[in-house]
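With mmCIF, C-alpha atoms inside, this is my_file_34.cif:
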data_target
loop_
_atom_site.label_atom_id
_atom_site.label_comp_id
_atom_site.auth_asym_id
_atom_site.auth_seq_id
_atom_site.Cartn_x
_atom_site.Cartn_y
_atom_site.Cartn_z
CA MET A 112 -165.68 85.63 -15.57
CA GLU A 113 -167.93 88.22 -13.96
CA SER A 114 -166.74 89.90 -10.80
CA ILE A 115 -168.74 89.22 -7.63
CA ASP A 116 -170.18 92.74 -7.81
CA ASP A 117 -171.32 92.21 -11.39
CA PHE A 118 -172.74 88.79 -10.63
CA GLY A 119 -174.70 90.13 -7.66
CA LYS A 120 -176.27 92.80 -9.85
CA HIS A 121 -176.98 90.28 -12.57
CA PHE A 122 -178.65 87.99 -10.03
CA LEU A 123 -180.95 90.83 -8.96
CA GLU A 124 -181.83 91.54 -12.58
CA GLU A 125 -182.49 87.88 -13.42
CA THR A 126 -184.75 87.37 -10.41
CA ASN A 127 -186.45 90.77 -10.65
CA LEU A 128 -186.18 91.08 -6.85
CA LEU A 129 -185.86 94.86 -6.84
CA PHE A 130 -189.39 95.16 -8.18
CA LYS A 131 -190.99 93.00 -5.50
CA PRO A 132 -192.42 95.25 -2.74
CA ASN A 133 -191.96 92.69 0.03
CA VAL A 134 -188.17 92.39 -0.47
CA ALA A 135 -186.42 94.40 2.24
CA LEU A 136 -182.81 93.19 2.15
CA VAL A 137 -180.59 91.05 -0.09
CA ILE A 138 -177.10 89.92 0.96
CA GLY A 139 -174.62 87.85 -1.04
CA TYR A 140 -172.28 85.76 1.07
CA GLY A 141 -170.18 82.60 1.21
CA SER A 142 -167.05 81.45 -0.53
CA ARG A 143 -167.67 83.44 -3.72
CA GLU A 144 -167.80 86.61 -1.65
CA ASN A 145 -164.79 85.89 0.54
CA LYS A 146 -162.66 84.74 -2.41
CA THR A 147 -162.25 81.14 -1.18
CA SER A 148 -164.43 79.55 -3.86
CA ASN A 149 -163.64 77.11 -6.63
CA HIS A 150 -165.40 76.56 -9.95
CA ASN A 151 -167.95 74.26 -8.28
CA SER A 152 -168.90 76.70 -5.51
CA ASP A 153 -172.45 78.02 -5.13
CA TYR A 154 -173.31 81.69 -4.89
CA ASP A 155 -175.18 82.10 -1.59
CA VAL A 156 -177.87 84.72 -1.05
CA LEU A 157 -179.97 85.73 1.95
CA VAL A 158 -183.26 87.43 1.07
CA VAL A 159 -185.21 89.11 3.89
CA LEU A 160 -188.91 89.73 3.33
CA SER A 161 -191.32 92.02 5.13
CA ASN A 162 -194.16 89.49 5.04
CA ASN A 163 -194.62 85.96 6.34
CA PHE A 164 -192.92 83.61 3.89
CA ARG A 165 -189.91 81.36 4.57
CA CYS A 166 -188.28 79.04 2.11
CA ARG A 167 -185.09 77.77 0.61
CA ALA A 168 -184.70 77.99 -3.14
CA ALA A 169 -182.15 77.45 -5.88
CA ILE A 170 -181.76 78.75 -9.43
CA MET A 171 -179.08 78.72 -12.10
CA VAL A 172 -177.69 82.08 -13.25
CA ASP A 173 -175.11 82.01 -16.04
CA GLY A 174 -174.24 78.41 -15.16
CA VAL A 175 -173.70 79.25 -11.47
CA HIS A 176 -175.84 77.50 -8.87
CA VAL A 177 -177.41 80.13 -6.60
CA ASP A 178 -178.59 78.92 -3.18
CA ILE A 179 -181.20 81.29 -1.77
CA HIS A 180 -182.35 81.41 1.85
CA VAL A 181 -185.52 83.43 2.40
CA LEU A 182 -186.46 84.66 5.89
CA THR A 183 -188.79 87.32 7.24
CA ILE A 184 -187.62 90.32 9.26
CA ASP A 185 -189.07 88.73 12.41
CA ASP A 186 -187.25 85.47 11.64
CA VAL A 187 -183.92 87.26 11.49
CA LEU A 188 -184.51 89.20 14.71
CA TYR A 189 -185.54 86.00 16.48
CA LYS A 190 -182.54 84.07 15.21
CA LEU A 191 -180.09 86.81 16.14
CA GLU A 192 -181.32 86.57 19.71
CA HIS A 193 -181.74 82.82 20.09
CA ASP A 194 -179.32 81.07 17.73
CA ILE A 195 -176.49 81.57 20.19
CA ARG A 196 -178.13 78.83 22.24
CA VAL A 197 -177.05 76.28 19.65
CA GLY A 198 -173.83 78.03 18.74
CA ASN A 199 -175.27 78.80 15.30
CA VAL A 200 -173.50 81.85 13.87
CA TYR A 201 -174.94 81.58 10.36
CA LEU A 202 -176.75 84.92 10.42
CA LYS A 203 -173.98 86.67 12.33
CA SER A 204 -171.46 85.48 9.75
CA VAL A 205 -173.70 86.56 6.84
CA LEU A 206 -174.13 90.05 8.30
CA LEU A 207 -170.46 90.56 9.14
CA ASN A 208 -168.92 88.99 6.05
CA GLY A 209 -171.57 89.26 3.34
CA ARG A 210 -172.10 91.99 0.76
CA VAL A 211 -175.31 94.01 0.77
CA LEU A 212 -176.83 93.86 -2.71
CA TYR A 213 -180.03 95.69 -1.83
CA ASP A 214 -181.40 97.37 1.31
CA SER A 215 -184.72 99.19 0.99
CA VAL A 216 -185.07 100.69 4.49
CA GLY A 217 -181.69 100.54 6.24
CA LEU A 218 -182.44 97.12 7.67
CA TYR A 219 -178.82 95.97 7.50
CA GLU A 220 -177.65 98.51 10.08
CA GLU A 221 -180.55 97.62 12.34
CA PHE A 222 -179.60 93.94 12.25
CA LEU A 223 -175.95 94.80 12.97
CA SER A 224 -177.01 96.72 16.08
CA HIS A 225 -178.58 93.54 17.46
CA LEU A 226 -175.21 91.80 17.36
CA ASP A 227 -174.03 94.15 20.11
CA ASP A 228 -176.85 92.91 22.34
CA GLU A 229 -175.90 89.27 21.86
CA LYS A 230 -176.49 87.33 25.07
CA LYS A 231 -174.33 84.45 26.22
CA TYR A 232 -176.00 81.17 27.05
CA ASN A 233 -174.54 78.14 28.75
CA ARG A 234 -175.22 75.49 26.14
CA LYS A 235 -175.30 71.98 27.50
CA MET A 236 -176.06 68.64 25.96
CA ASP A 237 -179.12 66.81 27.18
CA ALA A 238 -179.01 63.16 28.20
CA ALA A 239 -180.50 61.95 24.91
CA TYR A 240 -177.67 63.40 22.87
CA VAL A 241 -175.05 61.95 25.19
CA SER A 242 -176.86 58.62 25.00
CA SER A 243 -176.52 58.78 21.20
CA PHE A 244 -172.76 58.91 21.52
CA SER A 245 -172.75 56.26 24.24
CA SER A 246 -174.71 53.81 22.10
CA LYS A 247 -172.45 54.33 19.07
CA PHE A 248 -169.36 54.00 21.27
CA ASP A 249 -170.60 50.81 22.96
CA GLU A 250 -171.69 49.24 19.69
CA PHE A 251 -168.33 49.89 18.04
CA VAL A 252 -166.21 48.79 21.03
CA ASN A 253 -168.21 45.65 21.82
CA SER A 254 -168.77 44.49 18.25
CA GLY A 255 -165.21 43.46 17.54
CA ASN A 256 -165.95 44.73 14.06
CA ASN A 257 -164.05 47.66 12.55
CA ASP A 258 -167.19 49.39 11.29
CA ASP A 259 -166.16 52.69 9.69
CA VAL A 260 -169.67 54.14 9.89
CA LEU A 261 -169.89 53.55 13.64
CA TYR A 262 -166.38 54.86 14.31
CA TYR A 263 -166.72 58.12 12.40
CA SER A 264 -170.28 58.63 13.65
CA ALA A 265 -169.19 58.23 17.27
CA LEU A 266 -166.29 60.59 16.64
CA GLU A 267 -168.61 63.17 15.07
CA VAL A 268 -171.13 63.11 17.92
CA PHE A 269 -168.30 63.42 20.43
CA ARG A 270 -166.90 66.40 18.50
CA ARG A 271 -170.25 68.15 18.84
CA LEU A 272 -170.32 67.37 22.56
CA VAL A 273 -166.93 69.02 23.01
CA HIS A 274 -168.00 72.07 21.00
CA VAL A 275 -170.82 72.65 23.45
CA ASN A 276 -168.55 72.17 26.46
CA MET A 277 -165.97 74.61 25.09
CA LYS A 278 -168.66 77.14 24.11
CA ALA A 279 -167.54 76.79 20.51
CA SER A 280 -169.78 77.48 17.53
CA ASN A 281 -171.64 74.73 15.75
CA VAL A 282 -169.62 73.55 12.76
CA SER A 283 -171.20 71.31 10.14
CA GLU A 284 -169.45 68.08 9.21
CA LEU A 285 -169.33 69.53 5.69
CA LYS A 286 -166.93 72.25 6.79
CA VAL A 287 -165.24 70.80 9.85
CA TYR A 288 -162.03 69.64 8.16
CA LYS A 289 -161.72 72.83 6.12
CA LEU A 290 -162.10 75.01 9.22
CA TYR A 291 -160.15 72.81 11.64
CA THR A 292 -157.16 73.03 9.32
CA ASP A 293 -157.52 76.79 8.74
CA LEU A 294 -158.44 78.56 11.98
CA GLU A 295 -157.82 81.98 10.44
CA LEU A 296 -160.46 81.24 7.81
CA ALA A 297 -162.89 80.11 10.53
CA LYS A 298 -162.47 83.34 12.47
CA LYS A 299 -162.13 85.84 9.61
CA TYR A 300 -164.77 84.68 7.14
CA TYR A 301 -167.15 82.63 9.29
CA SER A 302 -166.97 84.55 12.60
CA LEU A 303 -166.73 81.23 14.45
CA THR A 304 -165.57 80.50 17.96
CA MET A 305 -163.51 77.32 17.71
CA PRO A 306 -162.62 74.68 20.31
CA SER A 307 -159.11 74.48 21.70
CA GLU A 308 -156.27 73.76 19.28
CA GLU A 309 -155.37 70.77 21.45
CA PHE A 310 -158.78 69.20 20.84
CA ILE A 311 -158.63 70.02 17.14
CA GLN A 312 -155.31 68.19 16.83
CA ASP A 313 -156.72 65.25 18.83
CA TYR A 314 -159.70 65.08 16.49
CA LEU A 315 -157.68 65.35 13.27
CA TYR A 316 -155.33 62.61 14.46
CA SER A 317 -158.32 60.39 15.30
CA LEU A 318 -159.49 60.62 11.67
CA GLU A 319 -156.27 58.99 10.49
CA ILE A 320 -156.54 55.83 12.60
CA VAL A 321 -157.63 52.72 10.69
CA ASN A 322 -156.83 49.79 12.98
CA TYR A 323 -159.77 48.54 15.07
CA LYS A 324 -157.88 48.16 18.37
CA ASN A 325 -156.22 51.56 17.94
CA ARG A 326 -159.59 53.12 17.23
CA VAL A 327 -161.07 51.61 20.40
CA ASP A 328 -158.11 52.89 22.40
CA ARG A 329 -158.48 56.31 20.78
CA LEU A 330 -162.18 56.65 21.64
CA ARG A 331 -161.44 55.64 25.23
CA TYR A 332 -158.60 58.16 25.36
CA LEU A 333 -160.91 60.94 24.16
CA LEU A 334 -163.55 59.94 26.71
CA LEU A 335 -161.08 59.97 29.60
CA LYS A 336 -159.58 63.28 28.50
CA TYR A 337 -162.69 65.33 27.64
CA LEU A 338 -165.87 63.73 28.97
CA PRO A 339 -165.23 64.57 32.68
CA LEU A 340 -165.27 68.24 31.67
CA LEU A 341 -168.81 68.06 30.27
CA ASN A 342 -171.65 69.47 32.34
CA LEU A 343 -174.75 67.56 31.29
CA LYS A 344 -177.45 69.08 33.51
CA LEU A 345 -178.99 71.69 31.22
CA TYR A 346 -180.47 71.44 27.77
CA TYR A 347 -178.77 71.78 24.44
CA TYR A 348 -181.21 73.01 21.81
CA HIS A 349 -180.73 70.99 18.66
CA PHE A 350 -183.03 71.61 15.73
CA ASP A 351 -183.27 69.05 12.95
CA ILE A 352 -184.71 69.75 9.53
CA ILE A 353 -188.27 68.40 9.64
CA ASN A 354 -189.28 69.15 6.07
CA PRO A 355 -188.16 66.04 4.11
CA GLY A 356 -187.63 68.11 0.96
CA LEU A 357 -185.19 70.39 2.77
CA LYS A 358 -183.50 67.35 4.24
CA MET A 359 -183.09 65.95 0.73
CA VAL A 360 -181.43 69.21 -0.37
CA SER A 361 -179.01 68.92 2.55
CA LEU A 362 -178.28 65.28 1.72
CA ASN A 363 -177.70 66.18 -1.92
CA ASN A 364 -175.20 68.86 -0.85
CA LEU A 365 -173.53 66.30 1.39
CA VAL A 366 -173.23 63.72 -1.40
CA CYS A 367 -171.80 66.34 -3.78
CA LYS A 368 -169.26 67.44 -1.17
CA VAL A 369 -168.18 63.86 -0.47
CA GLU A 370 -167.64 63.23 -4.17
CA GLU A 371 -165.61 66.43 -4.51
CA LEU A 372 -163.36 65.48 -1.57
CA LEU A 373 -162.93 61.87 -2.71
CA ILE A 374 -161.97 62.90 -6.23
CA SER A 375 -159.47 65.47 -4.95
CA ALA A 376 -158.02 62.91 -2.47
CA ASN A 377 -158.78 65.24 0.44
CA PRO A 378 -157.94 63.50 3.76
CA TYR A 379 -161.46 64.16 5.04
CA GLY A 380 -163.10 62.53 2.03
CA VAL A 381 -163.26 59.02 3.52
CA PRO A 382 -164.49 60.05 7.02
CA LEU A 383 -167.17 62.26 5.46
CA TYR A 384 -168.15 59.40 3.14
CA PHE A 385 -168.98 57.20 6.12
CA LEU A 386 -170.78 60.05 7.89
CA ALA A 387 -172.85 60.48 4.72
CA LEU A 388 -173.73 56.78 4.80
CA SER A 389 -174.87 57.18 8.39
CA ASP A 390 -177.04 60.21 7.54
CA LEU A 391 -178.55 58.45 4.54
CA LYS A 392 -179.29 55.32 6.54
CA GLU A 393 -180.99 57.33 9.28
CA PHE A 394 -183.13 59.26 6.80
CA ILE A 395 -183.99 56.25 4.65
CA SER A 396 -185.14 54.31 7.72
CA LEU A 397 -187.84 56.97 8.22
CA VAL A 398 -189.18 56.82 4.67
CA ASP A 399 -192.08 54.39 4.43
CA GLU A 400 -191.87 54.08 0.65
CA VAL A 401 -188.40 52.52 0.78
CA LYS A 402 -188.28 48.76 1.26
CA ASN A 403 -185.68 47.62 3.77
CA ASN A 404 -184.10 45.04 1.48
CA GLU A 405 -183.85 47.65 -1.28
CA TRP A 406 -181.42 49.88 0.56
CA GLU A 407 -179.80 47.46 3.02
CA THR A 408 -177.98 45.64 0.22
CA LEU A 409 -176.77 48.95 -1.22
CA TYR A 410 -175.74 50.13 2.25
CA GLU A 411 -173.65 47.02 2.96
CA SER A 412 -171.96 47.34 -0.44
CA ALA A 413 -171.25 51.01 0.25
CA LYS A 414 -169.64 50.22 3.60
CA HIS A 415 -167.14 47.89 1.94
CA ALA A 416 -166.45 49.85 -1.25
CA LYS A 417 -162.72 50.31 -1.77
CA SER A 418 -161.99 52.54 -4.75
CA VAL A 419 -163.07 56.16 -5.17
CA ASP A 420 -165.21 55.23 -8.17
CA ASP A 421 -166.93 52.43 -6.24
CA LYS A 422 -167.60 54.71 -3.26
CA ILE A 423 -169.11 57.39 -5.48
CA LYS A 424 -171.30 54.89 -7.32
CA CYS A 425 -172.54 53.33 -4.07
CA LEU A 426 -173.27 56.74 -2.59
CA GLU A 427 -175.20 57.87 -5.65
CA ASP A 428 -177.14 54.61 -5.81
CA LEU A 429 -178.08 54.86 -2.14
CA PHE A 430 -179.13 58.50 -2.53
CA ALA A 431 -181.11 57.66 -5.67
CA VAL A 432 -183.33 55.26 -3.70
CA VAL A 433 -184.92 58.19 -1.89
CA ASP A 434 -184.33 60.77 -4.59
CA SER A 435 -186.64 58.79 -6.88
CA ILE A 436 -189.47 59.42 -4.40
CA TYR A 437 -189.07 63.19 -4.06
CA LYS A 438 -187.82 63.97 -7.58
CA ILE A 439 -186.33 67.35 -6.64
CA ASP A 440 -184.63 69.49 -9.28
CA TYR A 441 -181.62 70.55 -7.21
CA ASP A 442 -180.71 73.35 -9.62
CA ASN A 443 -184.15 74.98 -9.50
CA PHE A 444 -186.49 74.57 -6.55
CA ILE A 445 -188.52 76.39 -3.91
CA LEU A 446 -189.16 74.51 -0.66
CA ARG A 447 -191.05 76.14 2.19
CA TYR A 448 -190.00 75.63 5.78
#
The structure in this file should be written as structure tokens.
Amino acid sequence: MESIDDFGKHFLEETNLLFKPNVALVIGYGSRENKTSNHNSDYDVLVVLSNNFRCRAAIMVDGVHVDIHVLTIDDVLYKLEHDIRVGNVYLKSVLLNGRVLYDSVGLYEEFLSHLDDEKKYNRKMDAAYVSSFSSKFDEFVNSGNNDDVLYYSALEVFRRLVHVNMKASNVSELKVYKLYTDLELAKKYYSLTMPSEEFIQDYLYSLEIVNYKNRVDRLRYLLLKYLPLLNLKLYYYHFDIINPGLKMVSLNNLVCKVEELLISANPYGVPLYFLALSDLKEFISLVDEVKNNEWETLYESAKHAKSVDDKIKCLEDLFAVVDSIYKIDYDNFILRY
């Protein structure tokens, strides 16, 4: 297998990036750079352009899926200043932990200098986001029905609330279990600020509960313990992906991750499965081309699937309902923001 250095050079050769005058900086990052990857891991690349073009793209190089994020110089400077408002340390992590594959004008050092000027913001949740948790909590508690989707969704929204309160970084549901169970990895390779270890243990324990009454008691316990600490007066800036094509790429990544965790019997596989169902349901409800009865039957089947094989089939069937509309080649695409 090629070393990371060799692969990075080969990627540049395959894409011919060095001969494009608008390419200012190329950085390889992610699990293949920090040596935490497996055979299924993508090779992640940030490409910074001097002109106005933003996109997300993917290509296959020697059988390896390469996920490419393209931003302009102004985009990066803006994000370095403002992303702290949402606890997003994506660019900071890329700069501190990635490997520079190409730098035409010393841009990397300039970006690093902006990290020293990082301002601290008091991130707070707005009422709408708190209401989202409240509605999920009330629906689960008052239903008398042990709905896994509602339980894990309420737990996930509450986790994000606590992250804001504790001035912790945003952590995607895709990586939360991996990072909650390896705080050294979170700090060393992702440059994340994590919530308290006490909350992390409370959250991980909550994932294990399966009995309806115990789940209700657990959600109430978390509310009593952490909610009084939350200051809800200011705004929390939360940006959703508006481009449906980009959202489909994110959902595809989510489905693939769920399947990987289910097959490997990872303890977070089942919770993430139900979070994926929630995300799919929310997105599908916004797509006019999908008939309600077409996905509702699949959704109900997915909620009650028992075996790993059944869960994977239901998830793929549900995803395919929308995937058939957009017909994205997830190995090779370019989608503009």
List, as a PDB file with C-alpha atoms, in the frame of the given file, every residue that the PyMOL selection byres ((chain A and resi 320-325) around 10) selects in the file provided.
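Once written, part_15.pdb looks like this:
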ATOM      1  CA  PHE A 251    -168.330  49.890  18.040  1.00  0.00           C
ATOM      2  CA  VAL A 252    -166.210  48.790  21.030  1.00  0.00           C
ATOM      3  CA  GLY A 255    -165.210  43.460  17.540  1.00  0.00           C
ATOM      4  CA  ASN A 256    -165.950  44.730  14.060  1.00  0.00           C
ATOM      5  CA  ASN A 257    -164.050  47.660  12.550  1.00  0.00           C
ATOM      6  CA  ASP A 258    -167.190  49.390  11.290  1.00  0.00           C
ATOM      7  CA  ASP A 259    -166.160  52.690   9.690  1.00  0.00           C
ATOM      8  CA  TYR A 262    -166.380  54.860  14.310  1.00  0.00           C
ATOM      9  CA  LEU A 315    -157.680  65.350  13.270  1.00  0.00           C
ATOM     10  CA  TYR A 316    -155.330  62.610  14.460  1.00  0.00           C
ATOM     11  CA  SER A 317    -158.320  60.390  15.300  1.00  0.00           C
ATOM     12  CA  LEU A 318    -159.490  60.620  11.670  1.00  0.00           C
ATOM     13  CA  GLU A 319    -156.270  58.990  10.490  1.00  0.00           C
ATOM     14  CA  ARG A 326    -159.590  53.120  17.230  1.00  0.00           C
ATOM     15  CA  VAL A 327    -161.070  51.610  20.400  1.00  0.00           C
ATOM     16  CA  ASP A 328    -158.110  52.890  22.400  1.00  0.00           C
ATOM     17  CA  ARG A 329    -158.480  56.310  20.780  1.00  0.00           C
ATOM     18  CA  LEU A 330    -162.180  56.650  21.640  1.00  0.00           C
ATOM     19  CA  ARG A 331    -161.440  55.640  25.230  1.00  0.00           C
TER      20      ARG A 331
END
Worksheet item: Glu220 in chain A: which residues within 12 Å, counting all atoms listed in the file, same-chain residues fewer than 6 positions away excluded, as a VMD selection string?
Response: chain A and resid 136 206 to 207 211 214 226 to 227
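When the PyMOL selection byres ((chain A and resi 268) around 10) is run on the displayed coordinates, the residues it returns are Tyr240, Val241, Ser243, Phe244, Ser245, Lys247, Phe248, Tyr263, Ser264, Ala265, Leu266, Glu267, Phe269, Arg270, Arg271, Leu272, Val273 and His274 of chain A.
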Worksheet item: What separation in Å, quoted to one decimal, exists between CA of Ile445 in chain A and CA of Leu373 in chain A?
Response: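 According to the coordinates, CA of Ile445 in chain A and CA of Leu373 in chain A are separated by 29.4 Å.
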Practice prompt. Starting from the displayed file, determine the output of the PyMOL selection byres ((chain A and resi 200) around 9) and express the residue list as a list in words.
Written response: Leu191, Asp194, Ile195, Val197, Gly198, Asn199, Tyr201, Leu202, Lys203, Ser204, Val205, Ser280, Asn281, Tyr301, Ser302 and Leu303 of chain A
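For Asn133 in chain A, the list of residues within 7 Å, based on all atoms listed in the file and with local chain neighbours fewer than 4 positions off taken out, reads Leu160, Ser161 and Asn162 of chain A.
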Fill in: Computed interatomic separation between CA of Pro382 in chain A and CA of Lys358 in chain A (Å)
20.6 Å
